[in-house]
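J.: Following this line is start_36.cif, made up of mmCIF, C-alpha atoms:
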data_entry
#
loop_
_atom_site.label_atom_id
_atom_site.label_comp_id
_atom_site.auth_asym_id
_atom_site.auth_seq_id
_atom_site.Cartn_x
_atom_site.Cartn_y
_atom_site.Cartn_z
CA MET V 1 -130.57 149.99 -8.72
CA LEU V 2 -128.18 147.87 -10.80
CA LYS V 3 -125.88 150.85 -11.30
CA ASP V 4 -125.83 151.48 -7.53
CA LEU V 5 -124.84 147.87 -6.91
CA PHE V 6 -122.18 148.01 -9.60
CA ASP V 7 -120.71 151.24 -8.22
CA ALA V 8 -120.72 149.81 -4.68
CA SER V 9 -118.85 146.74 -5.90
CA ARG V 10 -116.24 148.97 -7.56
CA VAL V 11 -115.72 150.93 -4.33
CA HIS V 12 -115.41 147.73 -2.32
CA PHE V 13 -112.81 146.43 -4.80
CA TRP V 14 -110.59 149.38 -3.91
CA ARG V 15 -111.26 148.88 -0.21
CA PHE V 16 -110.13 145.28 -0.70
CA ALA V 17 -107.05 146.43 -2.60
CA ALA V 18 -106.20 148.94 0.13
CA SER V 19 -106.22 146.12 2.69
CA GLY V 20 -102.93 145.02 1.15
CA TRP V 21 -104.15 142.25 -1.11
CA LEU V 22 -103.01 143.97 -4.28
CA PRO V 23 -99.68 145.72 -4.85
CA LYS V 24 -100.57 149.25 -5.95
CA ARG V 25 -97.59 149.30 -8.34
CA TRP V 26 -99.62 146.98 -10.60
CA LEU V 27 -102.31 149.57 -11.07
CA LEU V 28 -101.31 153.10 -10.14
CA ARG V 29 -98.51 155.63 -10.31
CA SER V 30 -95.96 155.89 -7.51
CA VAL V 31 -95.35 158.63 -4.97
CA PRO V 32 -92.71 161.13 -6.17
CA PRO V 33 -89.28 160.07 -4.82
CA GLU V 34 -88.25 161.80 -1.62
CA PRO V 35 -85.29 163.72 -3.14
CA THR V 36 -87.70 165.44 -5.56
CA ARG V 37 -89.88 166.84 -2.74
CA HIS V 38 -89.02 170.25 -1.35
CA ALA V 39 -87.96 170.47 2.28
CA ARG V 40 -89.36 173.89 3.19
CA THR V 41 -88.28 175.83 6.27
CA GLY V 42 -89.42 179.05 7.88
CA PRO V 43 -93.02 180.25 7.48
CA LEU V 44 -95.04 177.76 5.42
CA ARG V 45 -97.98 177.95 3.05
CA ILE V 46 -100.70 175.57 4.20
CA GLU V 47 -103.98 174.90 2.44
CA VAL V 48 -106.79 173.55 4.61
CA VAL V 49 -109.45 171.69 2.61
CA SER V 50 -112.88 171.15 4.15
CA HIS V 51 -116.33 170.04 2.94
CA CYS V 52 -119.69 171.10 4.29
CA TRP V 53 -123.19 169.80 3.63
CA LYS V 54 -125.69 170.83 6.32
CA TYR V 55 -122.95 171.04 8.95
CA SER V 56 -122.73 174.82 9.17
CA HIS V 57 -123.29 174.61 12.96
CA LEU V 58 -119.92 172.81 13.11
CA LEU V 59 -118.10 174.69 10.36
CA VAL V 60 -118.70 177.98 12.20
CA TYR V 61 -116.27 176.84 14.93
CA GLN V 62 -113.60 175.86 12.41
CA LEU V 63 -113.75 179.14 10.50
CA SER V 64 -114.12 181.25 13.65
CA SER V 65 -110.91 179.74 15.00
CA LEU V 66 -109.00 181.19 12.04
CA VAL V 67 -110.56 184.63 12.53
CA LEU V 68 -110.04 184.74 16.29
CA ASP V 69 -106.62 183.04 16.49
CA PRO V 70 -104.86 183.40 13.12
CA PRO V 71 -101.41 181.81 12.86
CA GLU V 72 -98.32 184.00 12.98
CA HIS V 73 -95.92 181.79 11.00
CA ALA V 74 -98.10 180.41 8.21
CA GLU V 75 -99.99 181.63 5.19
CA ILE V 76 -103.31 179.81 5.21
CA THR V 77 -105.64 179.17 2.30
CA MET V 78 -108.95 178.02 3.78
CA THR V 79 -110.79 176.06 1.07
CA VAL V 80 -114.39 175.01 1.68
CA PHE V 81 -116.42 172.97 -0.80
CA TYR V 82 -120.16 173.56 -0.47
CA ALA V 83 -123.40 173.52 -2.48
CA SER V 84 -125.61 176.55 -2.99
CA GLU V 85 -128.62 174.40 -2.07
CA ASP V 86 -127.32 174.38 1.52
CA ALA V 87 -128.53 177.87 2.41
CA ALA V 88 -127.18 177.90 5.97
CA THR V 89 -123.65 177.07 4.86
CA ARG V 90 -123.85 179.60 2.04
CA ASP V 91 -124.90 182.31 4.51
CA LEU V 92 -122.14 181.35 6.94
CA LEU V 93 -119.50 181.63 4.21
CA ASP V 94 -120.85 185.05 3.27
CA PHE V 95 -120.54 186.11 6.91
CA ILE V 96 -117.01 184.74 7.40
CA GLY V 97 -115.87 186.07 4.03
CA GLY V 98 -116.55 189.58 5.30
CA HIS V 99 -113.74 189.21 7.85
CA GLY V 100 -110.31 190.16 6.57
CA VAL V 101 -107.67 188.15 8.46
CA PRO V 102 -103.93 188.75 7.98
CA GLY V 103 -102.28 185.62 6.59
CA VAL V 104 -105.59 183.89 5.81
CA ARG V 105 -107.20 183.67 2.37
CA TRP V 106 -110.80 182.44 2.05
CA ASN V 107 -111.40 180.12 -0.90
CA TRP V 108 -115.07 179.09 -1.22
CA GLN V 109 -115.63 176.45 -3.91
CA GLU V 110 -119.21 175.75 -4.98
CA LEU V 111 -120.05 172.29 -6.32
CA PRO V 112 -123.29 170.65 -7.44
CA PRO V 113 -124.58 168.47 -4.56
CA SER V 114 -123.84 165.24 -6.43
CA TYR V 115 -120.17 166.27 -6.70
CA LEU V 116 -120.02 167.44 -3.10
CA PHE V 117 -121.42 164.10 -1.91
CA ARG V 118 -118.28 162.30 -3.10
CA ARG V 119 -115.71 163.97 -0.89
CA SER V 120 -112.71 162.75 -2.89
CA ILE V 121 -113.83 164.84 -5.89
CA GLY V 122 -113.28 168.15 -4.12
CA ARG V 123 -110.16 166.92 -2.37
CA ASN V 124 -108.69 165.85 -5.70
CA ARG V 125 -109.43 169.23 -7.30
CA ALA V 126 -107.84 171.05 -4.39
CA ALA V 127 -104.77 168.80 -4.41
CA LEU V 128 -104.08 169.28 -8.10
CA GLN V 129 -104.59 173.06 -8.00
CA SER V 130 -102.87 173.88 -4.70
CA ASP V 131 -99.69 175.93 -4.58
CA ALA V 132 -99.21 175.25 -0.85
CA ASP V 133 -96.21 173.61 0.81
CA TRP V 134 -98.59 171.28 2.67
CA VAL V 135 -102.28 170.43 2.25
CA TRP V 136 -104.42 169.51 5.27
CA PHE V 137 -107.47 167.50 4.21
CA THR V 138 -109.91 167.85 7.06
CA ASP V 139 -113.60 167.75 8.01
CA CYS V 140 -115.70 170.67 9.14
CA ASP V 141 -115.97 169.34 12.71
CA VAL V 142 -112.24 169.95 13.33
CA VAL V 143 -111.31 173.16 15.15
CA PHE V 144 -107.86 174.75 15.27
CA GLY V 145 -107.17 175.80 18.83
CA PRO V 146 -104.87 178.71 19.72
CA GLY V 147 -101.40 178.06 18.33
CA CYS V 148 -102.43 174.91 16.45
CA LEU V 149 -101.29 175.88 12.97
CA ASP V 150 -98.10 177.53 14.22
CA SER V 151 -97.37 174.30 16.09
CA LEU V 152 -97.89 172.41 12.83
CA VAL V 153 -95.47 174.72 11.01
CA GLU V 154 -92.82 174.05 13.65
CA ALA V 155 -93.33 170.27 13.34
CA LEU V 156 -93.07 170.40 9.52
CA GLN V 157 -89.78 172.27 9.28
CA GLY V 158 -87.57 170.63 6.65
CA ARG V 159 -89.79 167.56 6.28
CA ARG V 160 -90.41 165.64 3.05
CA ASP V 161 -92.82 162.97 4.32
CA PRO V 162 -95.73 162.21 1.97
CA LEU V 163 -98.29 162.08 4.79
CA VAL V 164 -98.30 163.23 8.43
CA PHE V 165 -100.93 163.62 11.14
CA PRO V 166 -101.26 165.02 14.69
CA ARG V 167 -100.19 162.55 17.34
CA SER V 168 -103.30 163.35 19.36
CA GLU V 169 -106.56 165.27 19.23
CA ARG V 170 -109.05 166.54 21.79
CA VAL V 171 -112.64 165.37 21.29
CA THR V 172 -116.07 165.83 22.82
CA THR V 173 -118.44 163.06 23.72
CA LEU V 174 -121.16 162.38 21.14
CA LEU V 175 -123.23 165.56 21.36
CA ALA V 176 -126.99 165.43 20.89
CA GLU V 177 -128.61 167.57 18.21
CA ASP V 178 -130.08 169.94 20.80
CA ASP V 179 -126.79 170.46 22.66
CA PRO V 180 -126.19 174.22 23.16
CA MET V 181 -122.82 173.88 21.45
CA LEU V 182 -124.56 172.85 18.21
CA ARG V 183 -127.17 175.63 18.16
CA PRO V 184 -125.78 178.70 16.41
CA GLY V 185 -128.73 181.00 17.11
CA SER V 186 -130.80 183.13 14.75
CA ARG V 187 -127.84 185.05 13.27
CA TRP V 188 -124.26 184.04 12.52
CA SER V 189 -121.54 185.22 14.86
CA LEU V 190 -117.98 184.16 15.64
CA ARG V 191 -118.04 181.26 18.07
CA THR V 192 -115.52 179.85 20.52
CA MET V 193 -115.60 176.34 21.92
CA ASP V 194 -115.62 175.32 25.57
CA ALA V 195 -112.26 173.54 25.91
CA GLU V 196 -113.43 171.90 29.16
CA ARG V 197 -115.77 169.67 27.15
CA PHE V 198 -112.90 168.00 25.26
CA THR V 199 -110.66 165.13 26.33
CA GLU V 200 -107.41 164.05 24.71
CA ARG V 201 -106.92 160.81 22.81
CA GLU V 202 -104.08 159.33 20.78
CA LEU V 203 -104.28 158.82 17.02
CA SER V 204 -102.70 155.84 15.25
CA ARG V 205 -102.94 156.86 11.59
CA ALA V 206 -103.88 159.68 9.26
CA THR V 207 -107.65 159.32 9.19
CA GLY V 208 -109.92 161.50 7.04
CA PRO V 209 -109.97 164.66 9.19
CA VAL V 210 -106.20 164.71 9.81
CA GLN V 211 -104.56 163.81 6.49
CA ILE V 212 -101.76 166.35 6.00
CA THR V 213 -100.00 165.82 2.68
CA HIS V 214 -96.81 167.25 1.23
CA GLY V 215 -97.73 169.77 -1.47
CA ASP V 216 -95.49 168.17 -4.10
CA VAL V 217 -97.19 164.81 -3.49
CA ALA V 218 -100.65 166.39 -3.67
CA ARG V 219 -99.92 168.05 -7.00
CA ALA V 220 -98.40 164.87 -8.47
CA LEU V 221 -101.06 162.36 -7.38
CA GLY V 222 -104.16 164.37 -6.54
CA TYR V 223 -106.52 162.61 -4.16
CA CYS V 224 -107.36 159.15 -5.52
CA ARG V 225 -107.24 160.79 -8.97
CA ASP V 226 -106.59 157.59 -10.91
CA ILE V 227 -109.51 155.64 -9.40
CA PRO V 228 -112.52 156.55 -11.57
CA VAL V 229 -115.28 155.46 -9.17
CA LEU V 230 -113.88 157.77 -6.47
CA GLN V 231 -114.14 160.72 -8.87
CA GLU V 232 -117.74 160.09 -9.95
CA PRO V 233 -120.70 162.09 -8.53
CA VAL V 234 -123.36 160.32 -6.48
CA GLN V 235 -126.93 161.15 -5.53
CA ARG V 236 -126.44 160.85 -1.77
CA PHE V 237 -123.48 161.40 0.51
CA ALA V 238 -121.03 158.53 -0.07
CA LYS V 239 -119.27 156.76 2.77
CA CYS V 240 -115.73 158.08 2.94
CA TYR V 241 -113.83 154.89 2.14
CA GLU V 242 -111.36 156.91 0.10
CA ASP V 243 -109.46 157.85 3.29
CA ARG V 244 -108.11 154.31 3.55
CA VAL V 245 -107.41 154.10 -0.18
CA PHE V 246 -105.46 157.37 -0.04
CA ARG V 247 -103.15 156.02 2.68
CA TRP V 248 -102.61 152.88 0.59
CA LEU V 249 -101.73 154.95 -2.46
CA LEU V 250 -99.12 156.82 -0.44
CA ASP V 251 -97.93 153.51 1.05
CA THR V 252 -97.98 154.84 4.61
CA PRO V 253 -100.35 155.23 7.57
CA GLY V 254 -98.77 158.64 8.02
CA LEU V 255 -96.11 159.93 10.38
CA PRO V 256 -97.36 161.19 13.78
CA LEU V 257 -96.16 164.66 14.74
CA ASN V 258 -96.54 166.72 17.88
CA VAL V 259 -99.20 169.26 16.93
CA ALA V 260 -100.93 171.16 19.72
CA GLY V 261 -104.53 172.31 19.82
CA VAL V 262 -106.36 169.97 17.42
CA TYR V 263 -110.01 169.72 18.52
CA ARG V 264 -112.89 167.73 17.04
CA ILE V 265 -116.59 168.09 17.81
CA ARG V 266 -118.24 164.67 17.83
CA HIS V 267 -121.99 164.58 17.23
CA VAL V 268 -124.83 162.07 16.91
CA ALA V 269 -126.98 163.71 14.22
CA LYS V 270 -125.53 163.47 10.71
CA GLY V 271 -126.58 166.18 8.28
CA ARG V 272 -125.53 164.09 5.30
CA TYR V 273 -128.27 161.48 5.74
CA ALA V 274 -131.32 161.92 3.60
CA GLY V 275 -134.17 161.35 6.03
CA ALA V 276 -135.04 161.60 9.71
CA VAL V 277 -135.50 157.83 10.10
CA GLU V 278 -132.05 157.07 8.69
CA ALA V 279 -130.52 159.82 10.81
CA ARG V 280 -132.06 158.33 13.97
CA LEU V 281 -130.89 154.84 13.01
CA ARG V 282 -127.35 156.02 12.38
CA GLY V 283 -127.38 158.05 15.57
CA GLY V 284 -128.43 154.99 17.57
CA MET V 285 -125.62 152.97 16.02
CA ARG V 286 -123.08 155.66 16.88
CA LYS V 287 -124.29 155.78 20.50
CA ALA V 288 -124.02 151.99 20.80
CA GLN V 289 -120.52 152.07 19.34
CA GLU V 290 -119.57 154.84 21.78
CA ARG V 291 -120.77 152.73 24.73
CA ARG V 292 -118.74 149.72 23.56
CA THR V 293 -115.64 151.85 23.08
CA SER V 294 -115.95 153.44 26.53
CA LYS V 295 -116.17 149.98 28.13
#
Could you render the structure as structure tokens?

T.:
Amino acid sequence: MLKDLFDASRVHFWRFAASGWLPKRWLLRSVPPEPTRHARTGPLRIEVVSHCWKYSHLLVYQLSSLVLDPPEHAEITMTVFYASEDAATRDLLDFIGGHGVPGVRWNWQELPPSYLFRRSIGRNRAALQSDADWVWFTDCDVVFGPGCLDSLVEALQGRRDPLVFPRSERVTTLLAEDDPMLRPGSRWSLRTMDAERFTERELSRATGPVQITHGDVARALGYCRDIPVLQEPVQRFAKCYEDRVFRWLLDTPGLPLNVAGVYRIRHVAKGRYAGAVEARLRGGMRKAQERRTSK
């Protein structure tokens, strides 16, 4: 109990710091200077980094989109961090891994659950090990529509920015757990989304699902690498406060770019919560927040 409180206080310290109250130059290394970052043109190597814990019914759309509509002007490494204890996700990765897709390399990375539950651990490992020109840190509820990644390649030509993001995304309403879109059936199959169920909205910063980082920056800084508490395993899925800290470390909210075909499936039920009661509570809070936002 005391350790949990201590760890929470450490996380909140970095949230406080990321609000602008502390200059990061006092504590952490700087972003590599712009002239040292490569300005790549032509086809690009992009690594997409995703996590999945009991969200296989969402991840199937993300991975299917790469099988059904692979990019023509990018080499994609699709990295998914998962735990073997999540049998449904493990089976989905086995199914998808059987599909050979030109220009796409599957990279399944197994972690113990306690390491998976702190999302910045996997993101940091991927960042430090990546050989890509750009790294897209995303969530498994994001789907790449037709032409999405080729559109991203076009927008990134010759750029050296440390962090970019799509100017807009298309999202569903909060889908209930029994919505047909979230029920994969008894056997895995490639799935396509119903684009009519999505509406467009503007984005103002590089939030967790749409943090696209220059590869040279990723390799130099990792993902919150120098903040110990954000690299420590936890016993339940940690709130993803590291998104905000990461933007602070890069000293930018990100640069918006015109990227077509970014979709995100919004959903009430959260697989990461430990029990049914907590899941219902969180779902109720999300519905209430949705009603306030719509007003």

J.: With distances taken over only C-alpha atoms, which of V:Cys240, V:Ala218, V:Leu257, V:Ala176 is nearest to Val164 (chain V)?

T.: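 Closest to Val164 (chain V) of all the choices is V:Leu257.
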
J.: Would you write out, as a VMD selection string, every residue that the PyMOL selection byres ((chain V and resi 244) around 9) captures in this file?

T.: chain V and resid 15 18 to 19 206 to 208 240 to 243 245 to 249 253

J.: What is the distance, in Å and to one decimal place, between CA of Ala126 (chain V) and CA of Gln211 (chain V)?

T.: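 Computed distance, CA of Ala126 (chain V) to CA of Gln211 (chain V), equals 13.5 Å.
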
J.: Expand the PyMOL selection byres ((chain V and resi 67) around 10) into the individual residues it matches in the shown file, reporting them as a PDB file with C-alpha atoms, in the coordinates of the input.

T.:
ATOM      1  CA  TYR V  61    -116.270 176.840  14.930  1.00  0.00           C
ATOM      2  CA  GLN V  62    -113.600 175.860  12.410  1.00  0.00           C
ATOM      3  CA  LEU V  63    -113.750 179.140  10.500  1.00  0.00           C
ATOM      4  CA  SER V  64    -114.120 181.250  13.650  1.00  0.00           C
ATOM      5  CA  SER V  65    -110.910 179.740  15.000  1.00  0.00           C
ATOM      6  CA  LEU V  66    -109.000 181.190  12.040  1.00  0.00           C
ATOM      7  CA  LEU V  68    -110.040 184.740  16.290  1.00  0.00           C
ATOM      8  CA  ASP V  69    -106.620 183.040  16.490  1.00  0.00           C
ATOM      9  CA  PRO V  70    -104.860 183.400  13.120  1.00  0.00           C
ATOM     10  CA  PRO V  71    -101.410 181.810  12.860  1.00  0.00           C
ATOM     11  CA  ILE V  96    -117.010 184.740   7.400  1.00  0.00           C
ATOM     12  CA  HIS V  99    -113.740 189.210   7.850  1.00  0.00           C
ATOM     13  CA  GLY V 100    -110.310 190.160   6.570  1.00  0.00           C
ATOM     14  CA  VAL V 101    -107.670 188.150   8.460  1.00  0.00           C
ATOM     15  CA  PRO V 102    -103.930 188.750   7.980  1.00  0.00           C
ATOM     16  CA  VAL V 104    -105.590 183.890   5.810  1.00  0.00           C
ATOM     17  CA  LEU V 190    -117.980 184.160  15.640  1.00  0.00           C
ATOM     18  CA  ARG V 191    -118.040 181.260  18.070  1.00  0.00           C
TER      19      ARG V 191
END

J.: Within 10 Å of (-98.0, 176.9, 1.7) (file coordinates; all atoms listed in the file), which protein or nucleic acid residues are there? I'd like them as a PDB file with C-alpha atoms, in the coordinates of the input.

T.:
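Result file follows (selection20.pdb):
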ATOM      1  CA  ARG V  40     -89.360 173.890   3.190  1.00  0.00           C
ATOM      2  CA  PRO V  43     -93.020 180.250   7.480  1.00  0.00           C
ATOM      3  CA  LEU V  44     -95.040 177.760   5.420  1.00  0.00           C
ATOM      4  CA  ARG V  45     -97.980 177.950   3.050  1.00  0.00           C
ATOM      5  CA  ILE V  46    -100.700 175.570   4.200  1.00  0.00           C
ATOM      6  CA  GLU V  47    -103.980 174.900   2.440  1.00  0.00           C
ATOM      7  CA  VAL V  48    -106.790 173.550   4.610  1.00  0.00           C
ATOM      8  CA  ALA V  74     -98.100 180.410   8.210  1.00  0.00           C
ATOM      9  CA  GLU V  75     -99.990 181.630   5.190  1.00  0.00           C
ATOM     10  CA  ILE V  76    -103.310 179.810   5.210  1.00  0.00           C
ATOM     11  CA  THR V  77    -105.640 179.170   2.300  1.00  0.00           C
ATOM     12  CA  SER V 130    -102.870 173.880  -4.700  1.00  0.00           C
ATOM     13  CA  ASP V 131     -99.690 175.930  -4.580  1.00  0.00           C
ATOM     14  CA  ALA V 132     -99.210 175.250  -0.850  1.00  0.00           C
ATOM     15  CA  ASP V 133     -96.210 173.610   0.810  1.00  0.00           C
ATOM     16  CA  TRP V 134     -98.590 171.280   2.670  1.00  0.00           C
ATOM     17  CA  VAL V 135    -102.280 170.430   2.250  1.00  0.00           C
ATOM     18  CA  VAL V 153     -95.470 174.720  11.010  1.00  0.00           C
ATOM     19  CA  HIS V 214     -96.810 167.250   1.230  1.00  0.00           C
ATOM     20  CA  GLY V 215     -97.730 169.770  -1.470  1.00  0.00           C
TER      21      GLY V 215
END

J.: Can you report as JSON the centre and edge lengths in Å, to one decimal, of an axis-aligned box around the listed atoms of region 37-48 of chain V padded with 4 Å on each side?

T.:
{"center_x": -97.4, "center_y": 173.5, "center_z": 2.6, "size_x": 26.8, "size_y": 21.4, "size_z": 18.6}

J.: In Å, rounded to a single decimal, give me how far CA of Pro256 (chain V) is from CA of Arg167 (chain V).

T.: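 That distance, rounded to one decimal, is 4.7 Å.
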
J.: Counting only C-alpha atoms, which of V:Arg266, V:Thr89, V:Ser84, V:Arg219 gets nearest to Met181 (chain V)?

T.: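 That would be V:Arg266, the residue with the smallest distance to Met181 (chain V).
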
J.: Choose the residue, out of V:Pro166, V:Met193, V:Phe237, V:Trp53, that has the smallest atom-to-atom separation from Asn258 (chain V); count all atoms listed in the file.

T.: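 Checking each candidate against Asn258 (chain V), we get V:Pro166 as the closest.
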
J.: For Ile212 (chain V), which residue out of V:Lys239, V:Arg123, V:Arg170, V:Arg225 is the nearest one, using all atoms listed in the file?

T.: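 Nearest candidate to Ile212 (chain V) out of V:Lys239, V:Arg123, V:Arg170, V:Arg225: V:Arg123.
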
J.: Using Å and a single decimal, report how far CA of Leu116 (chain V) sits from CA of Arg187 (chain V).

T.: 25.3 Å

J.: For Val142 (chain V), which residue out of V:Leu163, V:Val171, V:Leu156, V:Ala127 is the nearest one, using all atoms listed in the file?

T.: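 So, comparing all the options, the nearest one is V:Val171.
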
J.: What do you get, as a list of chain:residue names, if you spell out every residue that the PyMOL selection byres ((chain V and resi 188) around 10) selects here?

T.: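 On the file shown, the PyMOL selection byres ((chain V and resi 188) around 10) covers V:Ser56, V:His57, V:Val60, V:Ala88, V:Asp91, V:Leu92, V:Leu93, V:Asp94, V:Phe95, V:Ile96, V:Pro184, V:Gly185, V:Ser186, V:Arg187, V:Ser189, V:Leu190, V:Arg191.
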
J.: Show me that you can extract region 45-117 of chain V, keeping C-alpha atoms, and write it as a CSV table (one decimal), in the first residue's frame.

T.:
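decode-v1.csv was written with the following content:
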chain,number,residue,atom,x,y,z
V,45,ARG,CA,10.5,3.0,-43.2
V,46,ILE,CA,7.8,3.4,-40.5
V,47,GLU,CA,7.5,1.4,-37.3
V,48,VAL,CA,4.1,1.2,-35.8
V,49,VAL,CA,4.1,0.4,-32.1
V,50,SER,CA,1.0,-0.9,-30.4
V,51,HIS,CA,0.0,-2.6,-27.1
V,52,CYS,CA,-2.7,-5.0,-26.5
V,53,TRP,CA,-4.2,-6.4,-23.2
V,54,LYS,CA,-7.6,-8.0,-23.7
V,55,TYR,CA,-8.4,-5.7,-26.7
V,56,SER,CA,-8.0,-8.3,-29.4
V,57,HIS,CA,-11.5,-7.4,-30.7
V,58,LEU,CA,-10.1,-3.9,-31.5
V,59,LEU,CA,-6.6,-5.0,-32.6
V,60,VAL,CA,-8.1,-7.2,-35.3
V,61,TYR,CA,-9.2,-4.1,-37.2
V,62,GLN,CA,-5.8,-2.5,-36.9
V,63,LEU,CA,-3.9,-5.5,-38.2
V,64,SER,CA,-6.5,-6.4,-40.8
V,65,SER,CA,-6.1,-2.9,-42.3
V,66,LEU,CA,-2.5,-3.6,-43.0
V,67,VAL,CA,-3.3,-7.0,-44.6
V,68,LEU,CA,-6.2,-5.7,-46.7
V,69,ASP,CA,-4.7,-2.2,-47.7
V,70,PRO,CA,-0.9,-2.4,-47.4
V,71,PRO,CA,0.9,0.9,-48.2
V,72,GLU,CA,2.7,1.2,-51.6
V,73,HIS,CA,5.4,3.7,-50.6
V,74,ALA,CA,6.4,2.6,-47.1
V,75,GLU,CA,8.1,-0.3,-45.4
V,76,ILE,CA,6.1,-1.0,-42.3
V,77,THR,CA,7.3,-2.8,-39.2
V,78,MET,CA,4.2,-3.6,-37.1
V,79,THR,CA,5.2,-4.1,-33.5
V,80,VAL,CA,2.7,-5.4,-31.0
V,81,PHE,CA,3.5,-5.8,-27.3
V,82,TYR,CA,1.3,-8.5,-25.7
V,83,ALA,CA,1.3,-11.0,-22.8
V,84,SER,CA,0.9,-14.8,-23.3
V,85,GLU,CA,-1.7,-14.8,-20.5
V,86,ASP,CA,-4.0,-13.0,-22.9
V,87,ALA,CA,-5.0,-16.0,-25.0
V,88,ALA,CA,-7.3,-14.2,-27.4
V,89,THR,CA,-4.6,-11.7,-28.4
V,90,ARG,CA,-2.0,-14.5,-28.7
V,91,ASP,CA,-4.3,-16.4,-31.0
V,92,LEU,CA,-5.0,-13.3,-33.1
V,93,LEU,CA,-1.3,-12.7,-33.6
V,94,ASP,CA,-0.8,-16.3,-34.7
V,95,PHE,CA,-3.6,-15.8,-37.2
V,96,ILE,CA,-2.3,-12.5,-38.6
V,97,GLY,CA,1.3,-13.7,-38.6
V,98,GLY,CA,0.3,-16.3,-41.1
V,99,HIS,CA,-0.5,-13.6,-43.7
V,100,GLY,CA,2.5,-12.5,-45.8
V,101,VAL,CA,2.1,-8.9,-46.8
V,102,PRO,CA,4.5,-7.2,-49.2
V,103,GLY,CA,6.2,-4.2,-47.4
V,104,VAL,CA,4.9,-5.2,-44.0
V,105,ARG,CA,6.9,-7.1,-41.3
V,106,TRP,CA,5.2,-8.5,-38.2
V,107,ASN,CA,7.1,-8.0,-35.0
V,108,TRP,CA,5.3,-9.6,-32.0
V,109,GLN,CA,6.9,-8.8,-28.7
V,110,GLU,CA,5.9,-10.8,-25.6
V,111,LEU,CA,6.2,-9.1,-22.2
V,112,PRO,CA,5.2,-10.3,-18.7
V,113,PRO,CA,1.8,-8.6,-17.8
V,114,SER,CA,3.4,-6.3,-15.2
V,115,TYR,CA,5.7,-4.9,-17.9
V,116,LEU,CA,2.9,-4.7,-20.4
V,117,PHE,CA,0.7,-2.7,-17.9
